[in-house]
file data-v3.pdb (PDB, C-alpha atoms)
MODEL        1
ATOM      1  CA  ASP L   1    -235.949  43.752  58.526
ATOM      2  CA  ALA L   2    -235.667  46.581  56.031
ATOM      3  CA  GLY L   3    -232.722  48.870  56.469
ATOM      4  CA  VAL L   4    -232.588  52.544  55.608
ATOM      5  CA  THR L   5    -234.025  53.218  52.168
ATOM      6  CA  GLN L   6    -233.642  56.311  50.027
ATOM      7  CA  SER L   7    -235.263  57.510  46.840
ATOM      8  CA  PRO L   8    -234.517  58.227  44.116
ATOM      9  CA  THR L   9    -231.149  56.550  43.593
ATOM     10  CA  HIS L  10    -230.027  59.047  40.967
ATOM     11  CA  LEU L  11    -231.248  62.480  39.962
ATOM     12  CA  ILE L  12    -230.217  65.056  37.372
ATOM     13  CA  LYS L  13    -231.289  68.673  37.771
ATOM     14  CA  THR L  14    -230.287  72.023  36.314
ATOM     15  CA  ARG L  15    -229.077  75.102  38.153
ATOM     16  CA  GLY L  16    -231.808  77.037  39.890
ATOM     17  CA  GLN L  17    -234.178  74.102  40.182
ATOM     18  CA  GLN L  18    -235.467  72.574  43.393
ATOM     19  CA  VAL L  19    -235.102  68.953  44.492
ATOM     20  CA  THR L  20    -236.658  66.700  47.137
ATOM     21  CA  LEU L  21    -234.934  63.587  48.412
ATOM     22  CA  ARG L  22    -236.661  60.981  50.555
ATOM     23  CA  CYS L  23    -235.563  58.652  53.328
ATOM     24  CA  SER L  24    -237.268  55.871  55.258
ATOM     25  CA  PRO L  25    -235.455  54.941  58.469
ATOM     26  CA  LYS L  26    -234.640  51.474  59.687
ATOM     27  CA  SER L  27    -237.585  49.821  61.385
ATOM     28  CA  GLY L  28    -237.902  51.040  64.981
ATOM     29  CA  HIS L  29    -235.688  54.089  64.516
ATOM     30  CA  ASP L  30    -237.016  57.560  65.249
ATOM     31  CA  THR L  31    -234.107  59.855  64.388
ATOM     32  CA  VAL L  32    -232.937  60.788  60.905
ATOM     33  CA  SER L  33    -229.744  62.603  59.932
ATOM     34  CA  TRP L  34    -228.741  63.854  56.501
ATOM     35  CA  TYR L  35    -225.185  64.085  55.160
ATOM     36  CA  GLN L  36    -223.698  65.450  51.944
ATOM     37  CA  GLN L  37    -220.746  63.585  50.440
ATOM     38  CA  ALA L  38    -218.974  65.428  47.639
ATOM     39  CA  LEU L  39    -216.820  63.382  45.275
ATOM     40  CA  GLY L  40    -213.625  62.275  46.975
ATOM     41  CA  GLN L  41    -214.640  63.711  50.347
ATOM     42  CA  GLY L  42    -216.000  62.432  53.604
ATOM     43  CA  PRO L  43    -219.670  62.974  54.442
ATOM     44  CA  GLN L  44    -220.625  66.333  55.973
ATOM     45  CA  PHE L  45    -223.497  66.716  58.402
ATOM     46  CA  ILE L  46    -226.445  68.742  57.110
ATOM     47  CA  PHE L  47    -229.033  68.361  59.897
ATOM     48  CA  GLN L  48    -230.850  65.918  62.134
ATOM     49  CA  TYR L  49    -234.555  65.432  62.781
ATOM     50  CA  TYR L  50    -236.134  64.009  65.923
ATOM     51  CA  GLU L  51    -239.789  64.162  66.918
ATOM     52  CA  GLU L  52    -240.507  66.044  63.682
ATOM     53  CA  GLU L  53    -238.197  68.904  64.690
ATOM     54  CA  GLU L  54    -234.800  69.930  63.364
ATOM     55  CA  ARG L  55    -232.567  69.355  66.354
ATOM     56  CA  GLN L  56    -229.136  70.308  65.063
ATOM     57  CA  ARG L  57    -227.827  71.834  61.861
ATOM     58  CA  GLY L  58    -224.437  71.794  60.208
ATOM     59  CA  ASN L  59    -222.835  74.575  58.209
ATOM     60  CA  PHE L  60    -225.270  74.572  55.297
ATOM     61  CA  PRO L  61    -227.288  77.513  53.929
ATOM     62  CA  ASP L  62    -231.025  77.930  54.332
ATOM     63  CA  ARG L  63    -231.488  76.581  50.803
ATOM     64  CA  PHE L  64    -231.245  73.211  52.510
ATOM     65  CA  SER L  65    -234.359  72.355  54.474
ATOM     66  CA  GLY L  66    -236.009  69.230  55.715
ATOM     67  CA  HIS L  67    -238.996  67.627  57.227
ATOM     68  CA  GLN L  68    -239.796  64.591  59.324
ATOM     69  CA  PHE L  69    -243.174  62.914  59.173
ATOM     70  CA  PRO L  70    -245.090  61.177  61.999
ATOM     71  CA  ASN L  71    -243.943  57.791  60.649
ATOM     72  CA  TYR L  72    -240.326  59.022  61.113
ATOM     73  CA  SER L  73    -239.575  59.176  57.378
ATOM     74  CA  SER L  74    -237.855  62.320  56.218
ATOM     75  CA  GLU L  75    -237.350  64.598  53.251
ATOM     76  CA  LEU L  76    -234.431  66.801  52.296
ATOM     77  CA  ASN L  77    -235.249  69.792  50.104
ATOM     78  CA  VAL L  78    -232.691  71.888  48.283
ATOM     79  CA  ASN L  79    -233.783  75.121  46.574
ATOM     80  CA  ALA L  80    -231.997  77.185  43.929
ATOM     81  CA  LEU L  81    -229.593  74.402  43.066
ATOM     82  CA  LEU L  82    -225.950  75.253  42.409
ATOM     83  CA  LEU L  83    -223.368  73.212  40.545
ATOM     84  CA  GLY L  84    -221.629  72.689  43.879
ATOM     85  CA  ASP L  85    -224.655  70.840  45.238
ATOM     86  CA  SER L  86    -223.738  67.848  43.080
ATOM     87  CA  ALA L  87    -222.990  65.092  45.571
ATOM     88  CA  LEU L  88    -224.119  61.856  47.156
ATOM     89  CA  TYR L  89    -226.752  62.604  49.790
ATOM     90  CA  LEU L  90    -226.813  60.088  52.608
ATOM     91  CA  CYS L  91    -229.538  59.500  55.119
ATOM     92  CA  ALA L  92    -228.773  57.847  58.452
ATOM     93  CA  SER L  93    -231.195  56.643  61.089
ATOM     94  CA  SER L  94    -230.780  55.833  64.753
ATOM     95  CA  LEU L  95    -232.877  55.050  67.787
ATOM     96  CA  ASP L  96    -234.135  57.393  70.425
ATOM     97  CA  GLY L  97    -231.875  60.348  69.782
ATOM     98  CA  THR L  98    -229.896  59.655  72.926
ATOM     99  CA  GLY L  99    -226.664  60.496  71.233
ATOM    100  CA  VAL L 100    -224.245  59.425  68.618
ATOM    101  CA  ARG L 101    -223.268  56.526  70.853
ATOM    102  CA  GLU L 102    -226.323  54.987  69.301
ATOM    103  CA  THR L 103    -225.226  53.555  65.993
ATOM    104  CA  GLN L 104    -226.247  55.486  62.914
ATOM    105  CA  TYR L 105    -227.284  53.220  60.049
ATOM    106  CA  PHE L 106    -226.795  54.665  56.584
ATOM    107  CA  GLY L 107    -228.845  54.256  53.457
ATOM    108  CA  PRO L 108    -227.368  53.750  49.979
ATOM    109  CA  GLY L 109    -227.682  57.425  49.151
ATOM    110  CA  THR L 110    -229.104  59.556  46.365
ATOM    111  CA  ARG L 111    -226.628  60.770  43.792
ATOM    112  CA  LEU L 112    -227.546  64.271  42.635
ATOM    113  CA  LEU L 113    -226.000  65.827  39.551
ATOM    114  CA  VAL L 114    -226.625  69.513  38.894
ATOM    115  CA  LEU L 115    -225.948  70.706  35.348
TER     116      LEU L 115
ATOM    117  CA  ALA P   1    -214.866  71.564  67.383
ATOM    118  CA  GLN P   2    -213.978  67.957  66.937
ATOM    119  CA  SER P   3    -212.024  66.863  63.875
ATOM    120  CA  VAL P   4    -210.510  63.773  62.309
ATOM    121  CA  THR P   5    -207.413  63.366  60.168
ATOM    122  CA  GLN P   6    -206.859  60.246  58.136
ATOM    123  CA  LEU P   7    -203.247  59.835  57.147
ATOM    124  CA  GLY P   8    -202.957  58.576  53.599
ATOM    125  CA  SER P   9    -205.728  59.030  51.077
ATOM    126  CA  HIS P  10    -204.722  55.789  49.386
ATOM    127  CA  VAL P  11    -203.258  52.621  50.892
ATOM    128  CA  SER P  12    -202.271  49.586  48.845
ATOM    129  CA  VAL P  13    -201.431  46.180  50.336
ATOM    130  CA  SER P  14    -200.989  42.663  49.051
ATOM    131  CA  GLU P  15    -203.585  39.993  49.714
ATOM    132  CA  GLY P  16    -202.743  38.326  53.034
ATOM    133  CA  ALA P  17    -200.719  41.300  54.298
ATOM    134  CA  LEU P  18    -201.455  43.467  57.333
ATOM    135  CA  VAL P  19    -203.880  46.323  56.812
ATOM    136  CA  LEU P  20    -203.213  49.513  58.801
ATOM    137  CA  LEU P  21    -205.350  52.612  58.247
ATOM    138  CA  ARG P  22    -204.445  55.610  60.360
ATOM    139  CA  CYS P  23    -206.806  58.019  62.094
ATOM    140  CA  ASN P  24    -206.013  60.846  64.496
ATOM    141  CA  TYR P  25    -208.714  62.848  66.208
ATOM    142  CA  SER P  26    -209.073  66.146  67.960
ATOM    143  CA  SER P  27    -211.656  66.377  70.698
ATOM    144  CA  SER P  28    -212.100  68.569  73.750
ATOM    145  CA  VAL P  29    -214.126  65.893  75.520
ATOM    146  CA  PRO P  30    -213.811  62.099  75.727
ATOM    147  CA  PRO P  31    -214.672  61.073  72.202
ATOM    148  CA  TYR P  32    -216.856  58.477  70.634
ATOM    149  CA  LEU P  33    -215.013  57.159  67.570
ATOM    150  CA  PHE P  34    -216.183  55.152  64.601
ATOM    151  CA  TRP P  35    -214.878  53.415  61.501
ATOM    152  CA  TYR P  36    -217.187  53.050  58.516
ATOM    153  CA  VAL P  37    -216.597  51.294  55.186
ATOM    154  CA  GLN P  38    -218.068  52.335  51.857
ATOM    155  CA  TYR P  39    -218.103  49.963  48.918
ATOM    156  CA  PRO P  40    -218.501  51.424  45.408
ATOM    157  CA  ASN P  41    -221.912  52.951  44.789
ATOM    158  CA  GLN P  42    -223.120  52.085  48.274
ATOM    159  CA  GLY P  43    -223.771  53.833  51.566
ATOM    160  CA  LEU P  44    -221.703  53.550  54.729
ATOM    161  CA  GLN P  45    -221.510  50.423  56.834
ATOM    162  CA  LEU P  46    -220.333  50.544  60.446
ATOM    163  CA  LEU P  47    -217.213  48.471  61.063
ATOM    164  CA  LEU P  48    -216.737  49.262  64.747
ATOM    165  CA  LYS P  49    -217.129  51.965  67.381
ATOM    166  CA  TYR P  50    -215.370  53.092  70.541
ATOM    167  CA  THR P  51    -217.572  54.382  73.355
ATOM    168  CA  SER P  52    -215.137  54.518  76.300
ATOM    169  CA  ALA P  53    -215.367  50.868  77.268
ATOM    170  CA  ALA P  54    -212.457  48.643  76.174
ATOM    171  CA  THR P  55    -209.661  50.467  74.331
ATOM    172  CA  LEU P  56    -209.282  47.590  71.846
ATOM    173  CA  VAL P  57    -212.440  47.372  69.803
ATOM    174  CA  LYS P  58    -213.262  44.417  67.593
ATOM    175  CA  GLY P  59    -215.498  44.890  64.592
ATOM    176  CA  ILE P  60    -216.909  43.000  61.691
ATOM    177  CA  ASN P  61    -214.955  41.252  58.935
ATOM    178  CA  GLY P  62    -211.890  40.738  61.158
ATOM    179  CA  PHE P  63    -211.148  44.437  61.687
ATOM    180  CA  GLU P  64    -210.163  45.954  65.003
ATOM    181  CA  ALA P  65    -209.043  49.351  66.260
ATOM    182  CA  GLU P  66    -207.196  50.547  69.324
ATOM    183  CA  PHE P  67    -207.993  53.803  71.114
ATOM    184  CA  LYS P  68    -204.815  55.518  72.324
ATOM    185  CA  LYS P  69    -205.597  58.672  74.260
ATOM    186  CA  SER P  70    -201.949  59.701  74.637
ATOM    187  CA  GLU P  71    -201.537  59.639  70.859
ATOM    188  CA  THR P  72    -205.107  60.827  70.048
ATOM    189  CA  SER P  73    -205.258  57.940  67.606
ATOM    190  CA  PHE P  74    -207.757  55.288  66.581
ATOM    191  CA  HIS P  75    -206.005  53.244  63.898
ATOM    192  CA  LEU P  76    -207.814  50.430  62.093
ATOM    193  CA  THR P  77    -206.067  47.103  61.516
ATOM    194  CA  LYS P  78    -206.695  43.706  60.017
ATOM    195  CA  PRO P  79    -204.061  40.952  60.223
ATOM    196  CA  SER P  80    -204.621  39.513  56.756
ATOM    197  CA  ALA P  81    -206.125  41.451  53.854
ATOM    198  CA  HIS P  82    -208.692  39.887  51.564
ATOM    199  CA  MET P  83    -209.643  41.034  48.099
ATOM    200  CA  SER P  84    -213.135  41.822  49.372
ATOM    201  CA  ASP P  85    -211.666  44.451  51.745
ATOM    202  CA  ALA P  86    -211.062  46.827  48.828
ATOM    203  CA  ALA P  87    -213.198  49.875  49.608
ATOM    204  CA  GLU P  88    -213.164  53.424  51.025
ATOM    205  CA  TYR P  89    -212.755  53.649  54.792
ATOM    206  CA  PHE P  90    -213.861  56.590  56.910
ATOM    207  CA  CYS P  91    -212.961  57.437  60.466
ATOM    208  CA  ALA P  92    -215.447  59.609  62.353
ATOM    209  CA  VAL P  93    -215.744  61.308  65.733
ATOM    210  CA  SER P  94    -218.949  62.352  67.444
ATOM    211  CA  GLU P  95    -219.528  66.043  67.992
ATOM    212  CA  GLY P  96    -222.178  66.659  70.556
ATOM    213  CA  ALA P  97    -224.947  64.141  70.736
ATOM    214  CA  GLN P  98    -226.236  64.374  67.234
ATOM    215  CA  LYS P  99    -223.597  64.564  64.536
ATOM    216  CA  LEU P 100    -220.645  62.651  63.183
ATOM    217  CA  VAL P 101    -217.575  64.437  61.860
ATOM    218  CA  PHE P 102    -215.844  62.364  59.192
ATOM    219  CA  GLY P 103    -212.314  62.289  57.897
ATOM    220  CA  GLN P 104    -211.511  62.580  54.216
ATOM    221  CA  GLY P 105    -211.381  58.827  53.756
ATOM    222  CA  THR P 106    -208.726  56.278  52.809
ATOM    223  CA  ARG P 107    -209.081  54.176  49.690
ATOM    224  CA  LEU P 108    -207.782  50.647  50.324
ATOM    225  CA  THR P 109    -206.552  48.654  47.337
ATOM    226  CA  ILE P 110    -205.684  44.964  47.620
ATOM    227  CA  ASN P 111    -203.127  43.546  45.205
ATOM    228  CA  PRO P 112    -203.410  39.852  44.304
TER     229      PRO P 112
ENDMDL
END

call {"tool": "encode", "arguments": {"input": "data-v3.pdb", "output": "structure tokens"}}
result
Amino acid sequence: DAGVTQSPTHLIKTRGQQVTLRCSPKSGHDTVSWYQQALGQGPQFIFQYYEEEERQRGNFPDRFSGHQFPNYSSELNVNALLLGDSALYLCASSLDGTGVRETQYFGPGTRLLVL
Amino acid sequence: AQSVTQLGSHVSVSEGALVLLRCNYSSSVPPYLFWYVQYPNQGLQLLLKYTSAATLVKGINGFEAEFKKSETSFHLTKPSAHMSDAAEYFCAVSEGAQKLVFGQGTRLTINP
């Protein structure tokens, strides 16, 4: 049973560029959440997707956007990259969107470096 | 808004000693609480979660945590540390039905 997978594992971009990160949820899961983890910090919630809609959003600017596909996989897009966007981006999946009481399973993350 | 405070960014114990990682939460409603572990260059793995059933929660790898409402605490313990326990540990509280709010993390070092 495949867990949550993310691609790519590492990425280097320059300021002002755009980036797309991808996530495939654990088999049977229909909800995907994205988190940003800056170096030495705990993860911070970016947004969550359920039924191809953004259901809740954290305190992140509109430069951060996402998408969920019919197969439940998801993309995170970041436009106009800033140095401060350098971080580990984590995807988490869960079942049925009934609440956080349902365990969120995390992927290994994509490490983004903005130069 | 819910929040989590982890006391001690770095904890060091000897192999075989008790592990105690502290977490205090702030929540206006009965919380759901979680402990996750992160090994170097990996994602987060759930150790255990509290969802208002038993106050003493047992998790994987011999870890357990006790929910104490009067102290707004959810400390993580393990009776005997193993070298493989060296990692970053995060306490988290649910906010609403969709998001987790994480603490800053505690780096656990095990001395041989």

call {"tool": "interface_residues", "arguments": {"input": "data-v3.pdb", "of": "chain L", "to": "chain P", "cutoff": "12 Å", "atoms": "only C-alpha atoms", "output": "number ranges by chain"}}
result
L: 3-6, 9-10, 31-50, 54-59, 88-111

call {"tool": "atom_distance", "arguments": {"input": "data-v3.pdb", "atom1": "CA of Glu15 in chain P", "atom2": "CA of Glu64 in chain P"}}
result
17.7 Å

call {"tool": "residues_near_point", "arguments": {"input": "data-v3.pdb", "point": "(-242.1, 65.0, 60.5)", "cutoff": "9 Å", "atoms": "all atoms listed in the file", "output": "list in words"}}
result
Tyr49, Tyr50, Glu51, Glu52, Glu53, Gly66, His67, Gln68, Phe69, Pro70, Asn71, Tyr72, Ser73, Ser74 and Glu75 of chain L

call {"tool": "resolve_selection", "arguments": {"input": "data-v3.pdb", "expression": "the PyMOL selection byres ((chain L and resi 12) around 9)", "output": "PyMOL selection string"}}
result
chain L and resi 10-11+13-14+111-115

call {"tool": "write_last_selection", "arguments": {"input": "data-v3.pdb", "atoms": "C-alpha atoms", "output": "PDB file, keeping the file's coordinate frame"}}
result
ATOM      1  CA  HIS L  10    -230.027  59.047  40.967  1.00  0.00           C
ATOM      2  CA  LEU L  11    -231.248  62.480  39.962  1.00  0.00           C
ATOM      3  CA  LYS L  13    -231.289  68.673  37.771  1.00  0.00           C
ATOM      4  CA  THR L  14    -230.287  72.023  36.314  1.00  0.00           C
ATOM      5  CA  ARG L 111    -226.628  60.770  43.792  1.00  0.00           C
ATOM      6  CA  LEU L 112    -227.546  64.271  42.635  1.00  0.00           C
ATOM      7  CA  LEU L 113    -226.000  65.827  39.551  1.00  0.00           C
ATOM      8  CA  VAL L 114    -226.625  69.513  38.894  1.00  0.00           C
ATOM      9  CA  LEU L 115    -225.948  70.706  35.348  1.00  0.00           C
TER      10      LEU L 115
END

call {"tool": "closest_residue", "arguments": {"input": "data-v3.pdb", "among": "L:Arg63, L:Ser27, L:Gly16, L:Leu21", "to": "Leu76 in chain L", "atoms": "only C-alpha atoms"}}
result
L:Leu21

call {"tool": "atom_distance", "arguments": {"input": "data-v3.pdb", "atom1": "CA of Ser3 in chain P", "atom2": "CA of Arg22 in chain P"}}
result
14.0 Å

call {"tool": "resolve_selection", "arguments": {"input": "data-v3.pdb", "expression": "the PyMOL selection byres ((chain L and resi 79) around 10)", "output": "list in words"}}
result
Arg15, Gly16, Gln17, Gln18, Val19, Thr20, Asp62, Arg63, Phe64, Ser65, Asn77, Val78, Ala80, Leu81 and Leu82 of chain L

call {"tool": "resolve_selection", "arguments": {"input": "data-v3.pdb", "expression": "the PyMOL selection byres ((chain P and resi 57-62) around 9)", "output": "PyMOL selection string"}}
result
chain P and resi 46-50+53-56+63-67+77-80+85
